[in-house]
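**Q** Below you'll find coords_28.txt; it's compact mmCIF, C-alpha atoms.
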```txt
# COMPACT_ATOMS: atom_id res chain seq x y z
CA MET A 1 -4.02 -15.21 4.92
CA SER A 2 -4.66 -11.56 4.53
CA ASP A 3 -8.44 -11.53 4.57
CA SER A 4 -11.18 -13.87 3.53
CA ALA A 5 -13.29 -10.95 2.23
CA LEU A 6 -10.72 -10.26 -0.46
CA SER A 7 -11.12 -11.99 -3.81
CA GLU A 8 -8.33 -14.30 -4.93
CA GLU A 9 -7.73 -12.00 -7.89
CA ASP A 10 -7.17 -9.00 -5.62
CA ASP A 11 -4.94 -10.93 -3.26
CA LEU A 12 -2.77 -11.93 -6.23
CA LEU A 13 -2.68 -8.28 -7.29
CA ALA A 14 -1.31 -7.38 -3.85
CA ALA A 15 1.33 -10.10 -4.27
CA GLU A 16 2.26 -8.91 -7.77
CA ARG A 17 2.68 -5.39 -6.42
CA ALA A 18 4.88 -6.55 -3.54
CA PHE A 19 7.23 -8.60 -5.74
CA GLY A 20 7.61 -5.78 -8.28
CA LEU A 21 5.84 -7.41 -11.22
CA LEU A 22 3.55 -4.51 -12.07
CA ASP A 23 4.43 -1.60 -14.31
CA ALA A 24 4.39 1.98 -13.03
CA SER A 25 0.77 2.78 -13.91
CA GLU A 26 -0.47 -0.49 -12.39
CA VAL A 27 1.49 0.25 -9.22
CA ARG A 28 -0.10 3.70 -8.97
CA ALA A 29 -3.56 2.20 -9.44
CA ALA A 30 -2.88 -0.44 -6.77
CA GLU A 31 -1.61 2.19 -4.34
CA ALA A 32 -4.62 4.43 -4.92
CA ARG A 33 -6.80 1.41 -4.23
CA ALA A 34 -4.91 0.62 -1.01
CA ASP A 35 -5.51 4.21 0.12
CA ARG A 36 -9.27 3.75 0.05
CA ASP A 37 -9.67 0.01 0.63
CA PRO A 38 -8.39 -1.17 4.03
CA VAL A 39 -8.89 -4.86 3.17
CA PHE A 40 -6.74 -4.52 0.08
CA ALA A 41 -4.23 -2.43 2.08
CA ALA A 42 -3.98 -5.28 4.60
CA ALA A 43 -3.28 -7.73 1.77
CA CYS A 44 -0.55 -5.39 0.49
CA ALA A 45 0.98 -5.24 3.98
CA TYR A 46 0.87 -9.05 4.21
CA TRP A 47 2.66 -9.52 0.89
CA ASP A 48 5.09 -6.63 1.45
CA ASN A 49 6.19 -8.37 4.60
CA HIS A 50 6.87 -11.63 2.74
CA ALA A 51 8.59 -9.87 -0.15
CA ALA A 52 10.80 -8.03 2.34
CA ALA A 53 11.70 -11.40 3.84
CA LEU A 54 12.96 -12.45 0.39
CA ALA A 55 15.44 -9.56 0.44
CA ALA A 56 16.42 -9.87 4.05
CA GLY A 57 18.57 -13.01 4.07
CA GLY A 58 21.90 -12.06 5.63
CA GLY A 59 23.44 -8.76 6.47
CA GLU A 60 26.80 -7.07 6.42
CA GLU A 61 28.20 -4.01 8.16
CA PRO A 62 28.80 -1.13 5.74
CA GLY A 63 32.05 0.84 5.99
CA GLU A 64 32.44 2.90 9.14
CA ALA A 65 32.72 6.12 7.11
CA LEU A 66 29.24 5.72 5.66
CA TRP A 67 27.36 7.18 8.60
CA ALA A 68 29.48 10.35 8.47
CA ALA A 69 28.80 10.61 4.73
CA ILE A 70 25.06 10.39 5.36
CA VAL A 71 25.16 13.02 8.11
CA ALA A 72 27.17 15.32 5.84
CA ARG A 73 24.43 15.12 3.22
CA LEU A 74 21.53 15.72 5.60
CA PRO A 75 21.23 19.54 5.60
CA ALA A 76 21.44 19.74 1.81
CA ASN A 77 18.46 17.45 1.65
CA ASP A 78 16.34 19.36 4.09
CA GLY A 79 15.82 22.62 2.32
CA GLY A 80 19.16 24.30 1.67
CA GLY A 81 20.21 25.21 5.17
CA VAL A 82 16.76 25.50 6.70
CA PRO A 83 16.85 22.98 9.55
CA VAL A 84 14.27 20.30 9.03
CA ALA A 85 13.01 20.55 12.59
CA ARG A 86 12.19 24.21 11.92
CA LEU A 87 10.38 23.40 8.70
CA ARG A 88 8.33 20.85 10.51
CA ARG A 89 7.61 23.31 13.29
CA TRP A 90 6.25 25.72 10.70
CA GLN A 91 4.08 23.00 9.35
CA ALA A 92 2.78 22.27 12.85
CA LEU A 93 2.32 25.98 13.58
CA THR A 94 0.52 26.71 10.34
CA LEU A 95 -1.66 23.69 10.89
CA ALA A 96 -2.49 24.98 14.37
CA ALA A 97 -3.10 28.45 12.93
CA THR A 98 -5.49 27.03 10.34
CA ALA A 99 -7.35 25.10 13.02
CA ALA A 100 -7.53 28.24 15.16
CA ALA A 101 -8.77 30.33 12.24
CA ILE A 102 -11.50 27.84 11.51
CA LEU A 103 -12.37 27.84 15.19
CA LEU A 104 -12.73 31.62 15.12
CA ALA A 105 -14.69 31.59 11.90
CA VAL A 106 -17.23 29.09 13.11
CA ILE A 107 -18.36 30.92 16.22
CA GLY A 108 -20.99 29.03 18.09
CA GLY A 109 -21.94 25.39 17.82
CA PRO A 110 -20.69 22.75 20.25
CA HIS A 111 -18.86 20.79 17.56
CA ILE A 112 -16.39 23.50 16.58
CA ALA A 113 -13.37 21.83 18.17
CA ARG A 114 -13.51 18.96 15.70
CA GLN A 115 -10.36 18.82 13.56
CA PRO A 116 -11.05 19.66 9.93
CA PRO A 117 -10.11 16.75 7.70
CA LEU A 118 -6.91 17.47 5.75
CA THR A 119 -8.21 15.73 2.65
CA PRO A 120 -11.89 16.23 2.02
CA ALA A 121 -13.65 13.03 1.02
CA ALA A 122 -15.23 14.61 -2.05
CA VAL A 123 -13.23 17.20 -3.93
CA THR A 124 -14.75 19.13 -6.80
CA PRO A 125 -11.97 19.31 -9.39
CA ALA A 126 -12.87 22.87 -10.32
CA ALA A 127 -12.71 24.21 -6.75
CA PRO A 128 -9.57 26.32 -6.28
CA LEU A 129 -7.04 25.63 -3.57
CA ILE A 130 -6.23 28.59 -1.40
CA ALA A 131 -3.75 29.54 1.28
CA THR A 132 -3.32 32.65 3.36
CA LEU A 133 0.35 33.12 4.11
CA THR A 134 1.11 35.17 7.18
CA GLY A 135 4.23 36.34 8.96
CA LYS A 136 6.13 39.41 10.03
CA ALA A 137 6.72 40.52 6.43
CA GLY A 138 2.99 40.89 5.71
CA THR A 139 0.23 38.75 4.22
CA VAL A 140 -0.15 37.06 0.86
CA THR A 141 -3.20 35.18 -0.37
CA ILE A 142 -2.55 32.47 -2.93
CA SER A 143 -5.26 30.86 -5.02
CA TYR A 144 -4.47 27.97 -7.36
CA ASP A 145 -6.85 27.31 -10.23
CA ARG A 146 -6.13 23.70 -11.08
CA ALA A 147 -8.39 23.54 -14.12
CA ASN A 148 -6.51 26.35 -15.87
CA GLN A 149 -3.18 25.82 -14.08
CA LYS A 150 -2.97 29.43 -13.05
CA LEU A 151 -1.78 30.87 -9.78
CA LEU A 152 -3.09 34.10 -8.26
CA SER A 153 -0.88 35.89 -5.74
CA ALA A 154 -2.37 38.80 -3.82
CA PRO A 155 0.13 40.50 -1.50
CA ASN A 156 -1.01 42.80 1.25
CA GLY A 157 1.65 45.02 2.82
CA LEU A 158 4.42 42.62 1.83
CA GLU A 159 7.89 43.99 2.71
CA VAL A 160 10.78 42.34 0.87
CA GLY A 161 13.33 45.19 0.55
CA ASP A 162 15.56 44.60 -2.47
CA ARG A 163 15.00 40.84 -2.41
CA ALA A 164 12.70 38.67 -4.49
CA ALA A 165 9.72 36.92 -2.87
CA GLU A 166 9.89 33.28 -3.92
CA LEU A 167 6.92 30.99 -3.36
CA TRP A 168 7.41 27.37 -2.30
CA VAL A 169 5.14 24.41 -1.82
CA ILE A 170 6.15 21.92 0.88
CA PRO A 171 4.19 18.67 0.57
CA VAL A 172 3.52 16.79 3.79
CA GLY A 173 6.77 14.97 4.52
CA GLY A 174 8.46 16.45 1.46
CA LYS A 175 11.00 19.04 0.42
CA PRO A 176 10.21 22.61 -0.68
CA ARG A 177 9.55 22.93 -4.41
CA SER A 178 9.71 26.31 -6.08
CA LEU A 179 6.57 27.84 -7.57
CA GLY A 180 8.53 30.84 -8.82
CA VAL A 181 8.96 34.46 -7.79
CA ILE A 182 5.78 36.43 -7.11
CA ALA A 183 5.16 40.17 -7.51
CA ALA A 184 5.63 41.76 -4.08
CA ALA A 185 3.48 44.86 -4.63
CA THR A 186 0.59 43.94 -6.92
CA PRO A 187 -1.86 41.07 -7.37
CA ARG A 188 -0.95 38.94 -10.34
CA TRP A 189 -2.20 35.88 -12.23
CA GLN A 190 0.63 33.76 -13.54
CA PRO A 191 0.87 30.34 -15.17
CA ALA A 192 1.47 27.71 -12.49
CA ARG A 193 4.91 26.17 -12.60
CA LEU A 194 4.56 22.45 -13.27
CA PRO A 195 5.21 19.85 -12.04
CA ALA A 196 5.82 21.62 -8.71
CA ALA A 197 2.28 23.03 -8.66
CA SER A 198 0.85 19.50 -8.62
CA ALA A 199 2.10 19.31 -5.02
CA ILE A 200 -0.38 22.04 -4.03
CA ALA A 201 -2.94 19.98 -2.17
CA PRO A 202 -4.99 20.31 1.01
CA GLY A 203 -2.62 19.98 3.98
CA ALA A 204 0.50 21.07 2.06
CA THR A 205 2.35 24.17 3.28
CA LEU A 206 3.05 27.20 1.13
CA ALA A 207 5.94 29.43 2.15
CA ILE A 208 7.65 32.57 0.88
CA SER A 209 11.39 33.05 1.30
CA LEU A 210 13.50 36.11 0.52
CA GLU A 211 15.91 35.34 -2.30
CA PRO A 212 18.32 37.15 -4.61
CA GLN A 213 16.64 38.87 -7.59
CA GLY A 214 15.59 36.20 -10.05
CA GLY A 215 15.00 33.60 -7.36
CA SER A 216 16.99 31.02 -5.42
CA PRO A 217 20.11 29.92 -7.31
CA THR A 218 20.02 26.44 -5.74
CA GLY A 219 16.46 25.29 -6.25
CA GLN A 220 15.95 25.28 -2.49
CA PRO A 221 15.24 28.24 -0.17
CA THR A 222 18.50 30.08 0.62
CA GLY A 223 17.09 33.12 2.44
CA PRO A 224 14.81 33.48 5.45
CA VAL A 225 11.31 32.11 5.20
CA VAL A 226 9.06 35.05 6.08
CA LEU A 227 5.52 33.81 5.43
CA THR A 228 3.81 30.44 5.68
CA GLY A 229 0.30 29.11 5.40
CA SER A 230 -1.57 25.83 4.86
CA VAL A 231 -3.43 24.94 1.70
CA VAL A 232 -7.16 24.42 2.08
CA GLN A 233 -9.93 23.61 -0.34
CA ALA A 234 -11.93 26.73 -1.18
CA MET B 235 25.35 -10.45 10.68
CA ILE B 236 28.77 -9.41 11.87
CA ASP B 237 27.71 -9.36 15.50
CA GLY B 238 26.16 -12.80 15.15
CA LYS B 239 22.73 -11.61 16.18
CA PRO B 240 19.70 -11.96 13.97
CA ALA B 241 18.27 -8.67 12.79
CA SER B 242 14.89 -9.61 11.47
CA SER B 243 11.77 -7.83 12.58
CA ALA B 244 11.26 -10.79 14.88
CA ASP B 245 14.31 -10.15 17.07
CA MET B 246 13.45 -6.60 18.03
CA PRO B 247 10.07 -5.46 19.26
CA ALA B 248 8.39 -4.01 16.20
CA ASP B 249 7.17 -1.06 18.23
CA MET B 250 10.75 -0.16 19.18
CA LEU B 251 11.82 0.32 15.55
CA GLY B 252 8.47 1.95 14.82
CA ALA B 253 9.00 4.37 17.72
CA LEU B 254 12.48 5.23 16.44
CA LEU B 255 11.08 5.82 12.98
CA ARG B 256 8.39 8.13 14.33
CA ARG B 257 11.03 10.17 16.18
CA VAL B 258 13.06 10.36 12.96
CA GLY B 259 9.92 11.72 11.33
CA LEU B 260 9.99 14.56 13.86
CA GLY B 261 13.56 15.43 12.89
CA ASP B 262 15.28 13.67 15.83
CA ARG B 263 18.87 13.04 14.75
CA ALA B 264 19.75 10.90 17.78
CA ALA B 265 16.88 8.57 16.87
CA PHE B 266 18.11 8.57 13.27
CA GLU B 267 21.56 7.43 14.38
CA ALA B 268 20.07 4.74 16.65
CA LEU B 269 17.95 3.54 13.73
CA TYR B 270 21.00 3.47 11.46
CA ARG B 271 23.04 1.48 14.00
CA ARG B 272 20.28 -1.10 14.36
CA THR B 273 19.30 -1.51 10.74
CA SER B 274 22.22 -0.57 8.46
CA ALA B 275 23.80 -4.04 8.33
CA LYS B 276 20.52 -5.58 7.25
CA LEU B 277 19.75 -2.89 4.68
CA PHE B 278 23.32 -3.03 3.38
CA GLY B 279 22.76 -6.77 2.87
CA VAL B 280 19.69 -5.91 0.76
CA CYS B 281 21.70 -3.43 -1.37
CA LEU B 282 24.54 -5.94 -1.81
CA ARG B 283 22.16 -8.57 -3.14
CA ILE B 284 20.84 -6.19 -5.79
CA LEU B 285 23.87 -4.17 -6.85
CA PRO B 286 27.18 -5.37 -8.27
CA GLY B 287 29.95 -4.33 -5.93
CA ARG B 288 30.35 -2.87 -2.51
CA HIS B 289 30.89 0.69 -3.68
CA GLU B 290 27.58 0.81 -5.55
CA ALA B 291 25.82 -0.77 -2.57
CA GLU B 292 27.29 1.83 -0.20
CA GLU B 293 26.18 4.66 -2.49
CA ALA B 294 22.69 3.15 -2.57
CA LEU B 295 22.67 2.75 1.21
CA GLN B 296 23.39 6.47 1.62
CA GLU B 297 20.42 7.26 -0.62
CA VAL B 298 18.28 4.83 1.36
CA TYR B 299 18.95 6.58 4.67
CA LEU B 300 18.54 10.04 3.17
CA SER B 301 15.14 8.88 1.91
CA VAL B 302 14.37 7.46 5.34
CA TRP B 303 15.19 10.84 6.91
CA ARG B 304 12.98 12.71 4.46
CA ARG B 305 10.09 10.28 4.40
CA ALA B 306 9.95 8.84 7.92
CA GLU B 307 6.95 11.09 8.58
CA SER B 308 4.96 9.13 6.01
CA TYR B 309 5.54 5.76 7.74
CA ASP B 310 2.15 4.33 8.69
CA PRO B 311 2.29 1.44 11.22
CA ALA B 312 -1.10 0.28 9.97
CA ARG B 313 0.53 -0.53 6.62
CA GLY B 314 3.22 -2.84 7.97
CA THR B 315 6.19 -3.08 10.30
CA ALA B 316 8.99 -0.53 10.37
CA MET B 317 11.47 -3.19 9.23
CA THR B 318 9.35 -4.04 6.20
CA TRP B 319 9.08 -0.33 5.38
CA LEU B 320 12.87 0.03 5.60
CA ILE B 321 13.64 -3.10 3.58
CA THR B 322 11.14 -2.08 0.90
CA MET B 323 12.74 1.35 0.69
CA ALA B 324 16.22 -0.24 0.42
CA ARG B 325 15.05 -2.66 -2.28
CA ASN B 326 13.41 0.14 -4.28
CA ARG B 327 16.38 2.50 -4.10
CA ALA B 328 18.84 -0.26 -4.97
CA VAL B 329 16.73 -1.40 -7.95
CA ASP B 330 16.38 2.23 -9.12
CA ARG B 331 20.14 2.58 -8.96
CA LEU B 332 20.71 -0.74 -10.74
CA ARG B 333 18.51 0.35 -13.63
CA SER B 334 19.48 4.01 -13.90
CA GLY B 335 22.33 5.31 -16.00
CA GLY B 336 21.87 2.80 -18.82
CA LYS B 337 24.45 0.36 -17.48
CA PHE B 338 21.94 -2.39 -16.79
CA THR B 339 21.34 -4.87 -19.60
CA PRO B 340 18.41 -7.21 -18.99
CA ALA B 341 19.92 -10.56 -19.90
CA PRO B 342 17.89 -13.33 -21.51
CA ILE B 343 16.69 -15.94 -19.00
CA GLU B 344 17.00 -19.61 -19.98
CA LEU B 345 14.30 -21.26 -17.92
CA ALA B 346 15.30 -24.78 -18.98
CA ASP B 347 18.74 -24.41 -17.40
CA THR B 348 17.76 -22.74 -14.18
CA VAL B 349 18.81 -24.20 -10.90
CA ALA B 350 17.66 -22.93 -7.54
CA ASP B 351 20.76 -20.94 -6.68
CA GLY B 352 21.22 -17.64 -4.97
CA ALA B 353 19.08 -18.65 -2.01
CA PRO B 354 20.70 -18.16 1.39
CA LEU B 355 22.05 -21.24 3.15
CA ALA B 356 19.69 -23.00 5.51
CA THR B 357 21.79 -22.16 8.55
CA ALA B 358 21.75 -18.47 7.66
CA ILE B 359 17.99 -18.62 7.23
CA ILE B 360 17.46 -20.11 10.66
CA GLU B 361 19.37 -17.22 12.23
CA GLU B 362 17.29 -14.68 10.38
CA GLY B 363 14.06 -15.42 12.16
CA GLN B 364 10.79 -16.97 11.31
CA ASP B 365 9.45 -14.72 8.53
CA THR B 366 12.50 -15.18 6.36
CA ALA B 367 12.74 -18.89 7.09
CA ARG B 368 9.12 -19.50 6.18
CA LEU B 369 9.30 -17.51 2.97
CA ALA B 370 12.54 -19.25 1.97
CA HIS B 371 10.96 -22.63 2.68
CA CYS B 372 7.93 -21.75 0.56
CA VAL B 373 10.01 -20.34 -2.31
CA GLY B 374 11.89 -23.64 -2.10
CA THR B 375 8.66 -25.54 -2.82
CA LEU B 376 8.25 -23.75 -6.17
CA GLU B 377 9.61 -25.08 -9.43
CA ALA B 378 13.10 -23.68 -10.05
CA HIS B 379 11.93 -21.62 -13.03
CA GLU B 380 9.05 -20.13 -11.02
CA ALA B 381 11.40 -19.07 -8.23
CA VAL B 382 13.80 -17.55 -10.77
CA LEU B 383 11.05 -15.45 -12.33
CA ILE B 384 9.87 -14.10 -8.98
CA ARG B 385 13.40 -13.42 -7.79
CA THR B 386 14.28 -11.65 -11.05
CA ALA B 387 11.23 -9.41 -10.67
CA PHE B 388 12.11 -8.55 -7.12
CA PHE B 389 15.89 -8.21 -7.34
CA GLU B 390 16.19 -6.70 -10.83
CA GLY B 391 12.95 -4.73 -10.98
CA ALA B 392 11.73 -6.74 -13.97
CA THR B 393 8.01 -6.31 -14.65
CA TYR B 394 5.83 -8.93 -16.36
CA ALA B 395 6.50 -7.30 -19.73
CA GLU B 396 10.28 -7.40 -19.29
CA LEU B 397 10.21 -10.99 -18.02
CA ALA B 398 8.20 -12.05 -21.08
CA THR B 399 10.86 -10.50 -23.34
CA ARG B 400 13.72 -12.01 -21.40
CA VAL B 401 12.34 -15.56 -21.46
CA ALA B 402 11.01 -15.10 -25.01
CA MET B 403 7.48 -16.17 -24.12
CA PRO B 404 4.13 -14.50 -24.67
CA LEU B 405 3.13 -12.07 -21.91
CA GLY B 406 -0.05 -14.03 -21.14
CA THR B 407 1.91 -17.27 -20.64
CA ILE B 408 4.42 -15.68 -18.30
CA LYS B 409 1.67 -13.95 -16.33
CA SER B 410 -0.30 -17.12 -15.77
CA ARG B 411 2.84 -19.05 -14.78
CA ILE B 412 3.84 -16.46 -12.22
CA ARG B 413 0.33 -16.09 -10.88
CA ARG B 414 0.16 -19.85 -10.43
CA ALA B 415 3.45 -19.65 -8.53
CA LEU B 416 2.14 -16.81 -6.34
CA ALA B 417 -0.99 -18.84 -5.56
CA LYS B 418 1.26 -21.76 -4.52
CA LEU B 419 3.28 -19.43 -2.33
CA ARG B 420 0.13 -18.15 -0.70
CA ALA B 421 -1.09 -21.67 0.04
CA CYS B 422 2.28 -22.58 1.54
CA LEU B 423 2.47 -19.42 3.66
CA ALA B 424 -1.10 -19.69 4.99
```
The structure in this file should be written as structure tokens.

**A**
Amino acid sequence: MSDSALSEEDDLLAAERAFGLLDASEVRAAEARADRDPVFAAACAYWDNHAAALAAGGGEEPGEALWAAIVARLPANDGGGVPVARLRRWQALTLAATAAAILLAVIGGPHIARQPPLTPAAVTPAAPLIATLTGKAGTVTISYDRANQKLLSAPNGLEVGDRAAELWVIPVGGKPRSLGVIAAATPRWQPARLPAASAIAPGATLAISLEPQGGSPTGQPTGPVVLTGSVVQA
Amino acid sequence: MIDGKPASSADMPADMLGALLRRVGLGDRAAFEALYRRTSAKLFGVCLRILPGRHEAEEALQEVYLSVWRRAESYDPARGTAMTWLITMARNRAVDRLRSGGKFTPAPIELADTVADGAPLATAIIEEGQDTARLAHCVGTLEAHEAVLIRTAFFEGATYAELATRVAMPLGTIKSRIRRALAKLRACLA
């Protein structure tokens, strides 16, 4: 039994989710609930395990060539030639940089070493999301106004030569998604590119890569990534 | 299993697969290959049960492992074992593939004629480990039509609404039947 504190109705809901009976919106609602309700999450885990057992009877070796086919497709799925380990290192570095910046900002107080939560418990919908992107090519501040779906880019000493500066959002554990080319010399408000902009959330990484004029032809970064920063709630 | 060994979550320490998955999440390709070698036969079995034909199942299996590579970071041991996470991913990708491209036609289901087929043989179940055996036993205690409805949901991605259409019954009737079956399953599994 998953948990005696869970109502029978909710336990059945966890079972319905595990066996695939719910429609997409019901699944999303159940998953949001599991994110904030550990008892319900435990019931989901219990039923997922049994549903997986339904699928798991028997096994068969796939063709020997399949592994090579998977390996051949790996780089294309990790950001157009940017090794995934490097991307993840950026994420770790920018996370560390954010933590360090907060440490510097909050001088004094014995509790300053506490890690800031990546997802604040209470988020005011109107509060903008911001990121300061830093790197050798300069600094760019990005502010995303979710209510009006507008993106402000404010470059400071950004050097891009004859290339275009393309902005990317990299969700935690996800692939880069293009937010479009930003103006390299002047601050600019522009309409946020949806649905990619919906991935801008606390903890996500923003990055700027140098691309051919007009932006990356592949939908993934093709040039060097010159600036990165983590998204925080303003 | 080709090598004759069971490959359920019971036969390998859960933390070993979980540890491999965590290393995959850090971009460790050697761990990814080790994970593939240990789990691909089982996940291929999942794809084969859902998709018609070996070629389709192999295409799906590629997508499964590419998703594993991209999303291993999001695996949370508190939400279940690594094997359950992998099987769920395989089931979801295979069902997505089955239903994409407009080739899939949800066939009517004649509940009156259903027989409890498609279940693995008892000997195969015993080799698969306790979780699978227990679930198979409990599914076996359901009425044939109840088992068919649950299996159709799981293996064809049919929601309540689609099942109601396919058996030509009101949504409320089909819901209460399936929920009764799920309650029976729960009692049997407890």

**Q** Find the distance between CA of Ile408 (chain B) and CA of Ile384 (chain B) and write it in Å to one decimal.

**A** 10.9 Å

**Q** Report as a PDB file with C-alpha atoms, in the coordinates of the input the set of chain A residues whose atoms approach chain B to within 6 Å, with distances computed over only C-alpha atoms.

**A**
```pdb
ATOM      1  CA  MET A   1      -4.020 -15.210   4.920  1.00  0.00           C
ATOM      2  CA  PHE A  19       7.230  -8.600  -5.740  1.00  0.00           C
ATOM      3  CA  GLY A  20       7.610  -5.780  -8.280  1.00  0.00           C
ATOM      4  CA  LEU A  21       5.840  -7.410 -11.220  1.00  0.00           C
ATOM      5  CA  LEU A  22       3.550  -4.510 -12.070  1.00  0.00           C
ATOM      6  CA  ASP A  23       4.430  -1.600 -14.310  1.00  0.00           C
ATOM      7  CA  ALA A  45       0.980  -5.240   3.980  1.00  0.00           C
ATOM      8  CA  ASN A  49       6.190  -8.370   4.600  1.00  0.00           C
ATOM      9  CA  ALA A  52      10.800  -8.030   2.340  1.00  0.00           C
ATOM     10  CA  ALA A  53      11.700 -11.400   3.840  1.00  0.00           C
ATOM     11  CA  ALA A  55      15.440  -9.560   0.440  1.00  0.00           C
ATOM     12  CA  GLY A  59      23.440  -8.760   6.470  1.00  0.00           C
ATOM     13  CA  GLU A  60      26.800  -7.070   6.420  1.00  0.00           C
ATOM     14  CA  GLU A  61      28.200  -4.010   8.160  1.00  0.00           C
ATOM     15  CA  ILE A  70      25.060  10.390   5.360  1.00  0.00           C
ATOM     16  CA  ALA A  85      13.010  20.550  12.590  1.00  0.00           C
ATOM     17  CA  GLY A 173       6.770  14.970   4.520  1.00  0.00           C
TER      18      GLY A 173
END
```

**Q** Which neighbours of Ala184 (chain A) fall inside 9 Å, counting only C-alpha atoms, when residues of the same chain fewer than 6 positions from it are skipped, and could you give them as a list in words?

**A**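 So, after excluding close chain neighbours, the residues are Val140, Ser153, Ala154, Pro155, Asn156, Gly157, Leu158, Glu159, Val160, Ala164 and Ala165 of chain A.
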
**Q** Using all atoms listed in the file, pick whichever of A:Glu16, A:Glu9, A:Glu166, A:Glu211 has the shortest atom-to-atom distance to His50 (chain A).

**A**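 Comparing A:Glu16, A:Glu9, A:Glu166, A:Glu211 against His50 (chain A), the winner is A:Glu16.
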
**Q** What's around Arg331 (chain B) at 9 Å? Count only C-alpha atoms, leave out sequence neighbours fewer than 6 positions away in its own chain, and write the answer as a PDB file with C-alpha atoms, keeping the file's coordinate frame.

**A**
```
ATOM      1  CA  LEU B 285      23.870  -4.170  -6.850  1.00  0.00           C
ATOM      2  CA  GLU B 290      27.580   0.810  -5.550  1.00  0.00           C
ATOM      3  CA  ALA B 294      22.690   3.150  -2.570  1.00  0.00           C
TER       4      ALA B 294
END
```

**Q** Considering all atoms listed in the file, can you say which of B:Glu344, B:Asp310, B:Ala268, B:Val302 comes closest to Arg327 (chain B)?

**A**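 Closest residue, counting all atoms listed in the file: B:Val302.
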
**Q** What does the distance from CA of Ser143 (chain A) to CA of Thr222 (chain A) come to in Å, to one decimal?

**A**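 Value for the CA of Ser143 (chain A)-CA of Thr222 (chain A) distance: 24.4 Å.
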